[in-house]
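Enquirer: See final_6.txt below, with compact mmCIF, C-alpha atoms.
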```txt
# COMPACT_ATOMS: atom_id res chain seq x y z
CA CYS A 1 -43.82 -12.05 -26.03
CA ARG A 2 -42.04 -8.85 -27.00
CA MET A 3 -42.44 -7.48 -23.46
CA LEU A 4 -40.94 -10.65 -22.03
CA PHE A 5 -38.08 -10.49 -24.51
CA LYS A 6 -37.33 -6.88 -23.54
CA GLU A 7 -37.46 -7.77 -19.84
CA TYR A 8 -35.05 -10.68 -20.34
CA GLU A 9 -32.75 -8.50 -22.44
CA SER A 10 -32.73 -5.80 -19.77
CA TYR A 11 -32.06 -8.37 -17.05
CA VAL A 12 -29.14 -9.88 -18.97
CA ASP A 13 -27.58 -6.44 -19.50
CA ILE A 14 -27.88 -5.59 -15.81
CA ARG A 15 -26.46 -8.98 -14.80
CA HIS A 16 -23.50 -8.68 -17.16
CA THR A 17 -22.78 -5.14 -15.99
CA LEU A 18 -22.81 -6.29 -12.36
CA PHE A 19 -20.43 -9.17 -13.01
CA LEU A 20 -18.03 -7.03 -15.05
CA THR A 21 -17.89 -4.27 -12.45
CA ASP A 22 -17.69 -6.55 -9.39
CA LYS A 23 -14.01 -6.62 -8.35
CA SER A 24 -14.52 -8.47 -5.05
CA ASP A 25 -13.03 -11.73 -6.38
CA ALA A 26 -10.85 -11.40 -9.46
CA ASP A 27 -10.44 -15.19 -9.92
CA ILE A 28 -14.19 -15.86 -9.98
CA LEU A 29 -14.80 -12.94 -12.32
CA ARG A 30 -12.11 -14.19 -14.69
CA ALA A 31 -13.57 -17.70 -14.60
CA LYS A 32 -17.00 -16.36 -15.58
CA LYS A 33 -15.46 -14.76 -18.66
CA SER A 34 -13.46 -17.86 -19.62
CA ALA A 35 -14.11 -20.99 -21.62
CA LEU A 36 -12.52 -24.41 -21.20
CA VAL A 37 -11.21 -25.66 -24.55
CA GLN A 38 -10.88 -29.43 -24.87
CA ASN A 39 -9.69 -31.86 -27.56
CA ILE A 40 -7.04 -29.52 -28.92
CA PRO A 41 -5.26 -31.33 -31.80
CA LYS A 42 -1.76 -32.59 -31.07
CA ASP A 43 -0.19 -30.46 -33.80
CA ALA A 44 -1.84 -27.32 -32.38
CA GLN A 45 -0.97 -27.79 -28.72
CA ASP A 46 1.04 -24.61 -28.21
CA GLU A 47 0.34 -21.18 -26.78
CA SER A 48 0.67 -19.31 -30.07
CA GLY A 49 -1.65 -21.66 -31.95
CA LEU A 50 -4.44 -21.33 -29.39
CA LYS A 51 -4.03 -17.57 -29.29
CA THR A 52 -4.02 -17.21 -33.08
CA LEU A 53 -7.19 -19.26 -33.51
CA PHE A 54 -9.36 -17.44 -30.98
CA GLN A 55 -7.88 -14.05 -31.75
CA SER A 56 -8.93 -14.51 -35.38
CA LEU A 57 -12.44 -15.66 -34.38
CA PHE A 58 -12.97 -13.00 -31.69
CA PRO A 59 -10.65 -10.11 -32.60
CA GLU A 60 -12.46 -7.50 -30.49
CA THR A 61 -13.36 -9.58 -27.43
CA TYR A 62 -10.37 -11.94 -27.07
CA GLU A 63 -8.36 -11.21 -23.93
CA SER A 64 -5.94 -14.06 -23.25
CA SER A 65 -5.42 -17.80 -23.48
CA VAL A 66 -3.36 -20.41 -21.69
CA LEU A 67 -2.59 -24.04 -22.40
CA CYS A 68 -2.68 -26.72 -19.70
CA TYR A 69 0.56 -28.63 -19.12
CA ASP A 70 1.20 -32.06 -17.69
CA THR A 71 2.81 -31.41 -14.31
CA ARG A 72 2.40 -34.88 -12.81
CA ASN A 73 6.13 -35.66 -12.77
CA VAL A 74 6.94 -32.31 -11.17
CA ASP A 75 4.12 -32.70 -8.65
CA LYS A 76 5.46 -36.11 -7.68
CA LEU A 77 8.95 -34.73 -7.10
CA LEU A 78 7.57 -31.77 -5.14
CA SER A 79 5.56 -34.08 -2.87
CA GLU A 80 8.63 -36.24 -2.32
CA ARG A 81 10.73 -33.16 -1.53
CA GLU A 82 8.14 -31.93 0.95
CA ALA A 83 8.30 -35.28 2.76
CA TRP A 84 12.11 -35.02 3.03
CA PHE A 85 11.77 -31.43 4.28
CA ARG A 86 9.54 -32.63 7.11
CA LYS A 87 12.09 -35.27 8.08
CA LEU A 88 14.87 -32.67 7.96
CA GLU A 89 12.91 -30.27 10.18
CA ARG A 90 12.25 -33.09 12.63
CA ALA A 91 15.94 -34.00 12.76
CA GLN A 92 16.94 -30.36 13.30
CA PHE A 93 14.31 -30.04 16.02
CA ASP A 94 15.66 -33.15 17.77
CA LEU A 95 19.21 -31.77 17.60
CA THR A 96 18.12 -28.41 19.00
CA ASN A 97 16.31 -30.01 21.94
CA SER A 98 18.97 -32.62 22.64
CA GLU A 99 20.85 -32.07 25.88
CA SER A 100 23.86 -34.08 24.71
CA ASN A 101 24.07 -32.30 21.33
CA VAL A 102 24.34 -35.69 19.62
CA ARG A 103 23.41 -35.41 15.96
CA PRO A 104 20.44 -37.64 15.07
CA LEU A 105 21.04 -40.71 12.94
CA THR A 106 18.94 -42.46 10.30
CA ARG A 107 19.31 -45.50 8.10
CA SER A 108 20.07 -45.10 4.39
CA PHE A 109 17.72 -48.04 3.79
CA PRO A 110 14.80 -48.98 6.05
CA LEU A 111 15.72 -51.55 8.77
CA PHE A 112 18.91 -52.85 7.11
CA GLY A 113 20.66 -49.74 5.85
CA GLU A 114 23.79 -48.18 7.31
CA GLU A 115 23.28 -45.53 9.97
CA VAL A 116 24.21 -42.08 8.68
CA ASP A 117 23.89 -38.48 9.86
CA ALA A 118 20.20 -37.67 9.46
CA ILE A 119 20.54 -33.95 8.76
CA GLN A 120 23.22 -34.43 6.12
CA TYR A 121 21.39 -37.38 4.53
CA PHE A 122 18.06 -35.51 4.28
CA SER A 123 19.79 -32.40 2.94
CA GLU A 124 21.46 -34.44 0.19
CA LYS A 125 18.13 -35.99 -0.75
CA ILE A 126 16.52 -32.54 -1.01
CA GLU A 127 19.41 -31.21 -3.10
CA ASP A 128 19.13 -34.18 -5.48
CA LEU A 129 15.38 -33.59 -5.90
CA ASN A 130 16.01 -29.88 -6.55
CA LYS A 131 18.33 -30.82 -9.41
CA GLN A 132 15.71 -33.16 -10.88
CA ILE A 133 13.03 -30.46 -10.66
CA ASP A 134 15.31 -27.89 -12.32
CA GLN A 135 16.10 -30.37 -15.08
CA LEU A 136 12.39 -30.94 -15.78
CA LYS A 137 11.84 -27.19 -15.91
CA GLU A 138 14.66 -26.80 -18.42
CA GLU A 139 13.37 -29.62 -20.60
CA GLY A 140 9.86 -28.14 -20.57
CA LEU A 141 6.56 -29.68 -19.56
CA ASP A 142 4.46 -31.81 -21.89
CA THR A 143 1.41 -30.12 -23.34
CA THR A 144 -2.16 -31.42 -23.00
CA ALA A 145 -5.31 -31.26 -25.11
CA ASN A 146 -6.93 -28.70 -22.79
CA GLY A 147 -6.68 -24.95 -22.38
CA PHE A 148 -8.51 -21.85 -21.22
CA VAL A 149 -9.54 -18.79 -23.23
CA THR A 150 -10.65 -15.56 -21.55
CA PHE A 151 -12.80 -12.92 -23.21
CA ASN A 152 -13.79 -9.33 -22.42
CA THR A 153 -17.55 -9.92 -22.56
CA PHE A 154 -20.00 -12.60 -21.54
CA TYR A 155 -21.51 -12.54 -25.02
CA ALA A 156 -18.23 -13.78 -26.46
CA VAL A 157 -18.03 -16.61 -23.92
CA ALA A 158 -21.60 -17.66 -24.72
CA THR A 159 -20.87 -17.55 -28.45
CA ALA A 160 -17.66 -19.57 -28.14
CA THR A 161 -19.37 -22.31 -26.12
CA GLN A 162 -22.25 -22.63 -28.57
CA MET A 163 -20.38 -22.78 -31.87
CA LYS A 164 -17.75 -24.93 -33.55
CA GLN A 165 -14.40 -23.19 -33.79
CA THR A 166 -13.21 -25.06 -36.91
CA MET A 167 -14.66 -27.19 -39.69
CA THR A 168 -12.98 -30.28 -38.23
CA PRO A 169 -15.37 -32.25 -36.00
CA PHE A 170 -14.60 -33.28 -32.41
CA VAL A 171 -11.84 -30.71 -31.87
CA TYR A 172 -11.72 -27.43 -29.94
CA ASP A 173 -14.79 -28.27 -27.86
CA CYS A 174 -15.65 -25.28 -25.67
CA ARG A 175 -17.61 -25.19 -22.45
CA LEU A 176 -17.98 -22.69 -19.65
CA ALA A 177 -14.94 -22.67 -17.38
CA MET A 178 -15.31 -23.67 -13.79
CA SER A 179 -14.15 -21.69 -10.76
CA PRO A 180 -10.49 -22.42 -9.86
CA ASP A 181 -11.47 -23.99 -6.53
CA GLU A 182 -13.97 -26.28 -8.30
CA ALA A 183 -11.53 -27.62 -10.90
CA ASN A 184 -10.06 -31.09 -10.60
CA TRP A 185 -6.71 -30.19 -12.13
CA ARG A 186 -5.56 -33.80 -12.35
CA ASN A 187 -8.28 -34.54 -14.89
CA LEU A 188 -7.09 -31.76 -17.19
CA VAL A 189 -3.89 -33.63 -18.03
CA MET A 190 -5.69 -36.70 -19.36
CA ILE A 191 -5.66 -37.30 -23.10
CA PRO A 192 -9.04 -37.42 -24.95
CA SER A 193 -8.90 -41.19 -25.46
CA GLU A 194 -8.38 -41.73 -21.74
CA ILE A 195 -11.36 -39.50 -20.93
CA LYS A 196 -13.59 -41.41 -23.38
CA LEU A 197 -12.45 -44.75 -21.99
CA ARG A 198 -13.22 -43.67 -18.43
CA CYS A 199 -16.66 -42.40 -19.48
CA LEU A 200 -17.41 -45.72 -21.18
CA LEU A 201 -16.25 -47.72 -18.17
CA GLY A 202 -18.25 -45.50 -15.82
CA GLY A 203 -21.38 -45.86 -17.95
CA ALA A 204 -20.93 -49.63 -18.15
CA MET A 205 -20.52 -49.91 -14.38
CA VAL A 206 -23.67 -47.86 -13.78
CA PHE A 207 -25.58 -49.96 -16.34
CA PHE A 208 -24.63 -53.29 -14.76
CA LEU A 209 -25.20 -51.90 -11.28
CA VAL A 210 -28.76 -50.92 -12.19
CA ILE A 211 -29.43 -54.24 -13.96
CA PHE A 212 -28.10 -56.49 -11.20
CA TRP A 213 -29.58 -54.33 -8.44
CA THR A 214 -33.03 -55.61 -9.42
CA ILE A 215 -31.97 -59.28 -9.34
```
Will you turn the file into structure tokens for me?
Expert:
Amino acid sequence: CRMLFKEYESYVDIRHTLFLTDKSDADILRAKKSALVQNIPKDAQDESGLKTLFQSLFPETYESSVLCYDTRNVDKLLSEREAWFRKLERAQFDLTNSESNVRPLTRSFPLFGEEVDAIQYFSEKIEDLNKQIDQLKEEGLDTTANGFVTFNTFYAVATATQMKQTMTPFVYDCRLAMSPDEANWRNLVMIPSEIKLRCLLGGAMVFFLVIFWTI
């Protein structure tokens, strides 16, 4: 047993050394040294609070932390702006390739709206969306109950994911962070009660599906 333990210990050291020295993909390396923190209390959902907690628990191995923010409203405006940009590019392309140099027209409302200059109309829409996006940035984004903490060693990550961070139950739940390309970022903005409700509904659907499948 002791020989096996020493072999495992040697293997873990070699594996950790390889991961820490491999600079081929910085994002993946950072993800391997990070933990996803969930169920952060509402009164502690700020950058300084998350940093203070984990810096006090892991003073020598703490590297950085970041809180997840709810960007759904901004994402919606950005998608809408991208759609108007495509229409504007199409209108400018039509004007460039028009032999008569007649500026393209569009309706301010589908089917029944007044015909207006397409390029000017699309530009005004984009400018209005830019103002809304800037206003949201000035007001600040809403915080969520999720965040990421990065450490200097794999031992610290393993410790953080296997222990409770505070004496209060069901808060600051830590698990190994996923790779950035594997994360479903839309799920990270959901509140804990919404996550629990979806889990219950999913479990209930699977249960009834299995029961009625045999009928």
Enquirer: For the point (-18.3, -16.6, -29.5) in file coordinates, what residues are within 12 Å, counting all atoms listed in the file? Give the answer as a PDB file with C-alpha atoms, keeping the file's coordinate frame?
Expert:
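Result file result01.pdb:
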```pdb
ATOM      1  CA  LYS A  33     -15.460 -14.760 -18.660  1.00  0.00           C
ATOM      2  CA  SER A  34     -13.460 -17.860 -19.620  1.00  0.00           C
ATOM      3  CA  ALA A  35     -14.110 -20.990 -21.620  1.00  0.00           C
ATOM      4  CA  PHE A  54      -9.360 -17.440 -30.980  1.00  0.00           C
ATOM      5  CA  GLN A  55      -7.880 -14.050 -31.750  1.00  0.00           C
ATOM      6  CA  SER A  56      -8.930 -14.510 -35.380  1.00  0.00           C
ATOM      7  CA  LEU A  57     -12.440 -15.660 -34.380  1.00  0.00           C
ATOM      8  CA  PHE A  58     -12.970 -13.000 -31.690  1.00  0.00           C
ATOM      9  CA  PRO A  59     -10.650 -10.110 -32.600  1.00  0.00           C
ATOM     10  CA  GLU A  60     -12.460  -7.500 -30.490  1.00  0.00           C
ATOM     11  CA  THR A  61     -13.360  -9.580 -27.430  1.00  0.00           C
ATOM     12  CA  TYR A  62     -10.370 -11.940 -27.070  1.00  0.00           C
ATOM     13  CA  VAL A 149      -9.540 -18.790 -23.230  1.00  0.00           C
ATOM     14  CA  THR A 150     -10.650 -15.560 -21.550  1.00  0.00           C
ATOM     15  CA  PHE A 151     -12.800 -12.920 -23.210  1.00  0.00           C
ATOM     16  CA  ASN A 152     -13.790  -9.330 -22.420  1.00  0.00           C
ATOM     17  CA  THR A 153     -17.550  -9.920 -22.560  1.00  0.00           C
ATOM     18  CA  PHE A 154     -20.000 -12.600 -21.540  1.00  0.00           C
ATOM     19  CA  TYR A 155     -21.510 -12.540 -25.020  1.00  0.00           C
ATOM     20  CA  ALA A 156     -18.230 -13.780 -26.460  1.00  0.00           C
ATOM     21  CA  VAL A 157     -18.030 -16.610 -23.920  1.00  0.00           C
ATOM     22  CA  ALA A 158     -21.600 -17.660 -24.720  1.00  0.00           C
ATOM     23  CA  THR A 159     -20.870 -17.550 -28.450  1.00  0.00           C
ATOM     24  CA  ALA A 160     -17.660 -19.570 -28.140  1.00  0.00           C
ATOM     25  CA  THR A 161     -19.370 -22.310 -26.120  1.00  0.00           C
ATOM     26  CA  GLN A 162     -22.250 -22.630 -28.570  1.00  0.00           C
ATOM     27  CA  MET A 163     -20.380 -22.780 -31.870  1.00  0.00           C
ATOM     28  CA  LYS A 164     -17.750 -24.930 -33.550  1.00  0.00           C
ATOM     29  CA  GLN A 165     -14.400 -23.190 -33.790  1.00  0.00           C
ATOM     30  CA  CYS A 174     -15.650 -25.280 -25.670  1.00  0.00           C
ATOM     31  CA  ARG A 175     -17.610 -25.190 -22.450  1.00  0.00           C
ATOM     32  CA  LEU A 176     -17.980 -22.690 -19.650  1.00  0.00           C
TER      33      LEU A 176
END
```
Enquirer: Which residue is closest to A:Gln45? Choose from A:Glu7, A:Asp94, A:Asp142, A:Glu114 and count only C-alpha atoms.
Expert: A:Asp142
Enquirer: Find the distance between atom CA of A:Ile211 and atom CA of A:Ser193 and write it in Å to one decimal.
Expert: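 Result for atom CA of A:Ile211 versus atom CA of A:Ser193: 26.9 Å, one decimal.
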Enquirer: Between atom CA of A:Ile191 and atom CA of A:Gln38, what distance in Å does the model show, to one decimal?
Expert: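 Going from atom CA of A:Ile191 over to atom CA of A:Gln38 covers 9.6 Å.
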Enquirer: One decimal, in Å: what's the spacing between atom CA of A:Leu36 and atom CA of A:His16?
Expert: 19.6 Å
Enquirer: Find the residues near A:Tyr172: any atom within 6 Å, counting all atoms listed in the file, skip ones fewer than 6 places away on the same chain, and give them as a ChimeraX atom specification.
Expert: /A:37-40
Enquirer: Counting all atoms listed in the file, which of A:Thr144, A:Pro41, A:Gln135, A:Ala31 gets nearest to A:Phe170?
Expert: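 Nearest to A:Phe170: A:Pro41.
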Enquirer: Kindly assemble as a Markdown table a list of the stretch 113-154 of chain A residues that lie within 12 Å of stretch 89-93 of chain A, each paired with its nearest atom pair and their distance in Å to one decimal, using all atoms listed in the file, sorted first by chain and then by ascending residue number.
Expert:
```
| residue | atom | partner | partner_atom | distance |
| --- | --- | --- | --- | --- |
| A:Asp117 | CA | A:Ala91 | CA | 9.6 |
| A:Ala118 | CA | A:Ala91 | CA | 6.5 |
| A:Ile119 | CA | A:Ala91 | CA | 6.1 |
| A:Gln120 | CA | A:Ala91 | CA | 9.9 |
| A:Tyr121 | CA | A:Ala91 | CA | 10.4 |
| A:Phe122 | CA | A:Ala91 | CA | 8.9 |
| A:Ser123 | CA | A:Glu89 | CA | 10.2 |
| A:Ile126 | CA | A:Glu89 | CA | 12.0 |
```
Enquirer: Pick out the closest residue to A:Cys68 from this set: A:Glu194, A:Lys131, A:Asp46, A:Ile14. Count all atoms listed in the file.
Expert: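 Nearest to A:Cys68: A:Asp46.
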